[in-house]
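Taking it in order: structure first as structure tokens, then the write-up.
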Amino acid sequence: MMKKVLIIMLLCSACLGACRKKNILPQADEKTGSISGTVSPIGSASTVIILRDGDPVDKIQQTVPDANTGRFSFSRLKPGTYAVMGEPVTGYMPTANQAIEIKAEQESAVALFFSTDLITTPDIPISFKSGFSTRAQYKNQTLTIVKFRSEGKYGQLGYKAFELTIQLDAVTGTGKYVCDAVSKSLIRYVSAYDGTIGFKTWGSKTANGTSTVIITTFDPENKKVSGTFKGSLPAIAGTKGTVIITEGAFDVGYQ
């Protein structure tokens with residue numbers, strides 16, 4: 001949590017410096033608006049973040065809601081549609097972003113961000129059989145397979161990215177490879193929303209993390225490999241839930 005907030009703070013710092021140099025911030029005579037609202041329940045979110053539609057993620061602004069009232073506000077905002085997001089504390093999960101339109105003549109707007117109730121650790125079943133681009137590399141008997149999928153345009157609101165990495169140690173042919181906390185082989189899954197916001201990681205090198213990869217074809221002459229994989233990836237570094245891999249498959253040439 002602290003790492004993500006630090007990243008966002010660094011982005012905001014860089015953004016403000018660039019704004020001053022390029023006059024991106026509103027001028028004194030420009031009409032601007034404001035956004036204010038309440039985090040509910042009080043104390044459920046550590047940070048409230050806004051980003052104008054069309055702006056890259058390094059134009060993020062953030063504030064800390066009042067600890068006693070949950071109130072937050074942003075002022076001197078240029079006209080446009082803004083997404084209002086919350087960074088929940090441990091035990092809460094984020095809700096859908098609130099979209100607020102600021103017009104040139106509008107001096108204020110209200111957005112309410114509500115965190116959900118205390119969550120458990122739900123399982124997240126994901127099929128990696130299709131819908132992902134796949135690339136692979138084989139070097140020093142280490143086989144690395146990366147499956148990637150994205151939605152939207154990078155750096156814009158609504159951008160989503162999903163990446164699964166399989167790294168197998170001592171690969172010399174077909175067979176079964178175990179990925180768990182003690183093996184050198186691993187599987188890691190990462191999802192990212194709007195750049196740094198909502199960054200989540202699951203992996204096999206954790207307690208109770210175990211997955212298997214079965215290589216059914218290994219052709220060094222033509223540099224091709226195929227196989228299947230399945231298992232469970234517990235959360236890493238504050239992420240909630242467990243990713244359950246279903247129908248994982250790959251059939252790809254490697255470098």
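Residues are named by chain letter and number: chains run A, B, ... in the order of the structure tokens, numbers start at 1 in each chain, and ligands are numbered from 1 in the order shown.
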| request: Using only C-alpha atoms, determine which residues lie at most 6 Å from region 44-50 of chain A, disregarding the query and same-chain residues fewer than 3 positions distant; provide the list as a PyMOL selection string. | output: chain A and resi 41+60-64+83-89
The selected residues should be written to file as a CSV table (one decimal), in the first residue's frame (atoms: N, CA, C and O atoms).
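Here's the written file result_18.csv:
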chain,number,residue,atom,x,y,z
A,41,PRO,N,-17.3,3.9,4.5
A,41,PRO,CA,-17.2,4.4,5.9
A,41,PRO,C,-16.0,5.3,6.2
A,41,PRO,O,-15.0,5.1,5.4
A,60,ILE,N,-2.0,12.8,-12.3
A,60,ILE,CA,-2.8,12.4,-11.2
A,60,ILE,C,-2.7,13.5,-10.1
A,60,ILE,O,-1.6,14.0,-9.8
A,61,GLN,N,-3.8,13.8,-9.4
A,61,GLN,CA,-3.8,14.6,-8.2
A,61,GLN,C,-4.4,13.7,-7.1
A,61,GLN,O,-5.2,12.9,-7.3
A,62,GLN,N,-3.9,14.0,-5.9
A,62,GLN,CA,-4.4,13.2,-4.7
A,62,GLN,C,-4.5,14.0,-3.5
A,62,GLN,O,-3.9,15.1,-3.4
A,63,THR,N,-5.3,13.5,-2.6
A,63,THR,CA,-5.5,14.2,-1.3
A,63,THR,C,-5.8,13.1,-0.2
A,63,THR,O,-6.3,12.0,-0.6
A,64,VAL,N,-5.6,13.4,1.0
A,64,VAL,CA,-5.9,12.5,2.1
A,64,VAL,C,-7.3,13.0,2.8
A,64,VAL,O,-7.4,14.1,3.2
A,83,ALA,N,-12.2,11.4,-13.2
A,83,ALA,CA,-12.5,10.2,-12.5
A,83,ALA,C,-12.1,10.4,-11.1
A,83,ALA,O,-11.0,10.9,-10.8
A,84,VAL,N,-12.9,10.0,-10.1
A,84,VAL,CA,-12.6,10.1,-8.7
A,84,VAL,C,-12.4,8.7,-8.2
A,84,VAL,O,-13.3,7.8,-8.3
A,85,MET,N,-11.2,8.4,-7.6
A,85,MET,CA,-10.9,7.1,-7.2
A,85,MET,C,-10.5,7.1,-5.8
A,85,MET,O,-10.0,8.1,-5.3
A,86,GLY,N,-10.6,6.0,-5.1
A,86,GLY,CA,-10.1,5.9,-3.7
A,86,GLY,C,-9.1,4.7,-3.5
A,86,GLY,O,-9.3,3.7,-4.2
A,87,GLU,N,-8.1,4.9,-2.7
A,87,GLU,CA,-7.1,3.9,-2.4
A,87,GLU,C,-7.6,3.3,-1.0
A,87,GLU,O,-7.3,3.9,0.0
A,88,PRO,N,-8.2,2.1,-1.0
A,88,PRO,CA,-8.7,1.6,0.3
A,88,PRO,C,-7.7,1.1,1.2
A,88,PRO,O,-6.6,0.7,0.7
A,89,VAL,N,-7.9,1.2,2.5
A,89,VAL,CA,-7.0,0.6,3.5
A,89,VAL,C,-7.2,-0.9,3.5
A,89,VAL,O,-8.2,-1.5,2.9
| For Val171 (chain A), which residue among A:Asp219, A:Glu30, A:Glu151, A:Asp66 is the nearest when counting only C-alpha atoms? |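 Distance minimum relative to Val171 (chain A) lands on A:Asp219.
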| task | Would you mind listing what lies within 9 Å of Ser211 (chain A) as a count of residues only, with only C-alpha atoms counted and same-chain residues fewer than 2 positions away left out? | result | 15
Please report, as a Markdown table, each residue of region 156-235 of chain A lying at most 12 Å from region 136-139 of chain A, together with the nearest pair of atoms and the separation in Å rounded to one decimal; use only C-alpha atoms, and order rows by chain and ascending residue number.
| residue | atom | partner | partner_atom | distance |
| --- | --- | --- | --- | --- |
| A:Leu164 | CA | A:Ala136 | CA | 11.8 |
| A:Thr165 | CA | A:Ala136 | CA | 9.7 |
| A:Ile166 | CA | A:Ala136 | CA | 9.3 |
| A:Gln167 | CA | A:Gln137 | CA | 9.6 |
| A:Leu168 | CA | A:Tyr138 | CA | 9.5 |
| A:Asp169 | CA | A:Lys139 | CA | 10.1 |
| A:Ala170 | CA | A:Lys139 | CA | 10.0 |
| A:Val171 | CA | A:Tyr138 | CA | 8.7 |
| A:Thr172 | CA | A:Tyr138 | CA | 10.2 |
| A:Gly173 | CA | A:Tyr138 | CA | 11.7 |
| A:Phe218 | CA | A:Tyr138 | CA | 10.8 |
| A:Asp219 | CA | A:Tyr138 | CA | 11.3 |
| A:Pro220 | CA | A:Tyr138 | CA | 9.3 |
| A:Lys223 | CA | A:Tyr138 | CA | 8.7 |
| A:Lys224 | CA | A:Ala136 | CA | 9.1 |
| A:Val225 | CA | A:Ala136 | CA | 8.6 |
| A:Ser226 | CA | A:Ala136 | CA | 10.4 |
| task | Go ahead and compute the interatomic distance for CA of Ile126 (chain A) and CA of Trp202 (chain A), in Å to one decimal. | result | 12.2 Å
| message | Residues within 12 Å of Arg52 (chain A), please, as a count of residues only. Count only C-alpha atoms; anything in the same chain fewer than 3 positions from it doesn't count. | response | 28
Per DSSP on the backbone, filter region 159-202 of chain A down to the residues in strand (DSSP E or B) and report them as a PDB file with N, CA, C and O atoms, in the first residue's frame.
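New file result-v4.pdb:
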ATOM      1  N   LYS A 160      -6.291  -1.042 -18.916  1.00  0.00           N
ATOM      2  CA  LYS A 160      -6.095  -2.208 -18.070  1.00  0.00           C
ATOM      3  C   LYS A 160      -5.050  -3.111 -18.720  1.00  0.00           C
ATOM      4  O   LYS A 160      -5.012  -3.241 -19.939  1.00  0.00           O
ATOM      5  N   ALA A 161      -4.212  -3.735 -17.906  1.00  0.00           N
ATOM      6  CA  ALA A 161      -3.209  -4.654 -18.421  1.00  0.00           C
ATOM      7  C   ALA A 161      -3.117  -5.874 -17.510  1.00  0.00           C
ATOM      8  O   ALA A 161      -3.224  -5.758 -16.286  1.00  0.00           O
ATOM      9  N   PHE A 162      -2.934  -7.039 -18.123  1.00  0.00           N
ATOM     10  CA  PHE A 162      -2.857  -8.294 -17.387  1.00  0.00           C
ATOM     11  C   PHE A 162      -1.677  -9.093 -17.937  1.00  0.00           C
ATOM     12  O   PHE A 162      -1.578  -9.283 -19.151  1.00  0.00           O
ATOM     13  N   GLU A 163      -0.797  -9.546 -17.061  1.00  0.00           N
ATOM     14  CA  GLU A 163       0.392 -10.264 -17.510  1.00  0.00           C
ATOM     15  C   GLU A 163       0.660 -11.482 -16.636  1.00  0.00           C
ATOM     16  O   GLU A 163       0.723 -11.383 -15.410  1.00  0.00           O
ATOM     17  N   LEU A 164       0.832 -12.621 -17.277  1.00  0.00           N
ATOM     18  CA  LEU A 164       1.187 -13.856 -16.585  1.00  0.00           C
ATOM     19  C   LEU A 164       2.591 -14.261 -17.035  1.00  0.00           C
ATOM     20  O   LEU A 164       2.871 -14.338 -18.227  1.00  0.00           O
ATOM     21  N   THR A 165       3.469 -14.514 -16.076  1.00  0.00           N
ATOM     22  CA  THR A 165       4.830 -14.936 -16.377  1.00  0.00           C
ATOM     23  C   THR A 165       5.080 -16.332 -15.810  1.00  0.00           C
ATOM     24  O   THR A 165       4.858 -16.578 -14.628  1.00  0.00           O
ATOM     25  N   ILE A 166       5.528 -17.234 -16.676  1.00  0.00           N
ATOM     26  CA  ILE A 166       5.928 -18.579 -16.269  1.00  0.00           C
ATOM     27  C   ILE A 166       7.434 -18.681 -16.469  1.00  0.00           C
ATOM     28  O   ILE A 166       7.933 -18.430 -17.570  1.00  0.00           O
ATOM     29  N   GLN A 167       8.154 -19.031 -15.427  1.00  0.00           N
ATOM     30  CA  GLN A 167       9.604 -19.184 -15.517  1.00  0.00           C
ATOM     31  C   GLN A 167       9.980 -20.561 -14.989  1.00  0.00           C
ATOM     32  O   GLN A 167       9.851 -20.836 -13.798  1.00  0.00           O
ATOM     33  N   LEU A 168      10.462 -21.408 -15.883  1.00  0.00           N
ATOM     34  CA  LEU A 168      10.775 -22.788 -15.531  1.00  0.00           C
ATOM     35  C   LEU A 168      12.285 -23.004 -15.525  1.00  0.00           C
ATOM     36  O   LEU A 168      12.984 -22.614 -16.468  1.00  0.00           O
ATOM     37  N   GLY A 175       7.879 -32.756 -19.973  1.00  0.00           N
ATOM     38  CA  GLY A 175       7.736 -33.238 -18.609  1.00  0.00           C
ATOM     39  C   GLY A 175       6.942 -32.293 -17.739  1.00  0.00           C
ATOM     40  O   GLY A 175       6.435 -31.254 -18.203  1.00  0.00           O
ATOM     41  N   LYS A 176       6.848 -32.630 -16.463  1.00  0.00           N
ATOM     42  CA  LYS A 176       6.071 -31.863 -15.491  1.00  0.00           C
ATOM     43  C   LYS A 176       7.002 -31.015 -14.637  1.00  0.00           C
ATOM     44  O   LYS A 176       8.009 -31.489 -14.137  1.00  0.00           O
ATOM     45  N   TYR A 177       6.640 -29.735 -14.454  1.00  0.00           N
ATOM     46  CA  TYR A 177       7.434 -28.796 -13.660  1.00  0.00           C
ATOM     47  C   TYR A 177       6.537 -28.188 -12.586  1.00  0.00           C
ATOM     48  O   TYR A 177       5.453 -27.680 -12.879  1.00  0.00           O
ATOM     49  N   VAL A 178       6.987 -28.260 -11.346  1.00  0.00           N
ATOM     50  CA  VAL A 178       6.211 -27.755 -10.204  1.00  0.00           C
ATOM     51  C   VAL A 178       6.675 -26.344  -9.860  1.00  0.00           C
ATOM     52  O   VAL A 178       7.876 -26.075  -9.778  1.00  0.00           O
ATOM     53  N   CYS A 179       5.715 -25.449  -9.650  1.00  0.00           N
ATOM     54  CA  CYS A 179       6.005 -24.066  -9.252  1.00  0.00           C
ATOM     55  C   CYS A 179       5.394 -23.838  -7.870  1.00  0.00           C
ATOM     56  O   CYS A 179       4.172 -23.759  -7.731  1.00  0.00           O
ATOM     57  N   ASP A 180       6.237 -23.734  -6.855  1.00  0.00           N
ATOM     58  CA  ASP A 180       5.743 -23.488  -5.506  1.00  0.00           C
ATOM     59  C   ASP A 180       6.764 -22.662  -4.733  1.00  0.00           C
ATOM     60  O   ASP A 180       7.714 -22.121  -5.314  1.00  0.00           O
ATOM     61  N   LEU A 186       8.629 -20.687 -11.231  1.00  0.00           N
ATOM     62  CA  LEU A 186       7.582 -19.828 -10.659  1.00  0.00           C
ATOM     63  C   LEU A 186       6.550 -19.440 -11.708  1.00  0.00           C
ATOM     64  O   LEU A 186       6.796 -19.492 -12.917  1.00  0.00           O
ATOM     65  N   ILE A 187       5.383 -19.038 -11.199  1.00  0.00           N
ATOM     66  CA  ILE A 187       4.346 -18.403 -12.012  1.00  0.00           C
ATOM     67  C   ILE A 187       3.908 -17.151 -11.275  1.00  0.00           C
ATOM     68  O   ILE A 187       3.647 -17.183 -10.075  1.00  0.00           O
ATOM     69  N   ARG A 188       3.815 -16.019 -11.992  1.00  0.00           N
ATOM     70  CA  ARG A 188       3.400 -14.754 -11.389  1.00  0.00           C
ATOM     71  C   ARG A 188       2.360 -14.090 -12.298  1.00  0.00           C
ATOM     72  O   ARG A 188       2.488 -14.082 -13.509  1.00  0.00           O
ATOM     73  N   TYR A 189       1.313 -13.540 -11.667  1.00  0.00           N
ATOM     74  CA  TYR A 189       0.255 -12.855 -12.408  1.00  0.00           C
ATOM     75  C   TYR A 189       0.113 -11.439 -11.878  1.00  0.00           C
ATOM     76  O   TYR A 189       0.055 -11.220 -10.667  1.00  0.00           O
ATOM     77  N   VAL A 190       0.068 -10.461 -12.778  1.00  0.00           N
ATOM     78  CA  VAL A 190      -0.011  -9.053 -12.396  1.00  0.00           C
ATOM     79  C   VAL A 190      -1.144  -8.387 -13.178  1.00  0.00           C
ATOM     80  O   VAL A 190      -1.293  -8.602 -14.386  1.00  0.00           O
ATOM     81  N   SER A 191      -1.930  -7.572 -12.490  1.00  0.00           N
ATOM     82  CA  SER A 191      -2.938  -6.750 -13.161  1.00  0.00           C
ATOM     83  C   SER A 191      -2.711  -5.297 -12.787  1.00  0.00           C
ATOM     84  O   SER A 191      -2.305  -4.989 -11.666  1.00  0.00           O
ATOM     85  N   ALA A 192      -2.928  -4.419 -13.739  1.00  0.00           N
ATOM     86  CA  ALA A 192      -2.741  -2.985 -13.498  1.00  0.00           C
ATOM     87  C   ALA A 192      -3.898  -2.222 -14.123  1.00  0.00           C
ATOM     88  O   ALA A 192      -4.346  -2.549 -15.219  1.00  0.00           O
ATOM     89  N   TYR A 193      -4.362  -1.170 -13.420  1.00  0.00           N
ATOM     90  CA  TYR A 193      -5.474  -0.351 -13.885  1.00  0.00           C
ATOM     91  C   TYR A 193      -5.044   1.105 -13.918  1.00  0.00           C
ATOM     92  O   TYR A 193      -4.512   1.617 -12.939  1.00  0.00           O
ATOM     93  N   LYS A 200      -1.948  -5.051  -8.814  1.00  0.00           N
ATOM     94  CA  LYS A 200      -2.160  -6.244  -7.996  1.00  0.00           C
ATOM     95  C   LYS A 200      -1.239  -7.359  -8.469  1.00  0.00           C
ATOM     96  O   LYS A 200      -0.982  -7.491  -9.662  1.00  0.00           O
ATOM     97  N   THR A 201      -0.751  -8.172  -7.518  1.00  0.00           N
ATOM     98  CA  THR A 201       0.168  -9.256  -7.858  1.00  0.00           C
ATOM     99  C   THR A 201      -0.189 -10.530  -7.108  1.00  0.00           C
ATOM    100  O   THR A 201      -0.490 -10.504  -5.917  1.00  0.00           O
ATOM    101  N   TRP A 202      -0.165 -11.654  -7.832  1.00  0.00           N
ATOM    102  CA  TRP A 202      -0.341 -12.978  -7.254  1.00  0.00           C
ATOM    103  C   TRP A 202       0.825 -13.856  -7.707  1.00  0.00           C
ATOM    104  O   TRP A 202       1.374 -13.642  -8.791  1.00  0.00           O
TER     105      TRP A 202
END
| field | Gap from CA of Gly241 (chain A) to CA of Pro125 (chain A) - Å, one decimal | value | 10.3 Å
| Non-local contacts of Ala249 (chain A) (6 Å; only C-alpha atoms; under 4 positions in same chain excluded) as a list of chain:residue names |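 Once the nearby chain positions are removed, what remains is A:Lys129, A:Gly227, A:Thr228.
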Any chance you can output those residues with N, CA, C and O atoms as a compact mmCIF listing (two decimals), in the first residue's frame?
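Wrote it out as out-v7.txt, contents follow:
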# COMPACT_ATOMS: atom_id res chain seq x y z
N LYS A 129 -6.37 -19.87 -21.64
CA LYS A 129 -6.34 -20.67 -22.86
C LYS A 129 -6.34 -19.79 -24.10
O LYS A 129 -5.73 -20.13 -25.12
N GLY A 227 2.41 -26.66 -24.25
CA GLY A 227 2.06 -27.35 -23.02
C GLY A 227 0.85 -26.76 -22.34
O GLY A 227 0.14 -25.93 -22.92
N THR A 228 0.61 -27.18 -21.11
CA THR A 228 -0.53 -26.71 -20.33
C THR A 228 -0.06 -26.35 -18.92
O THR A 228 1.02 -26.76 -18.49
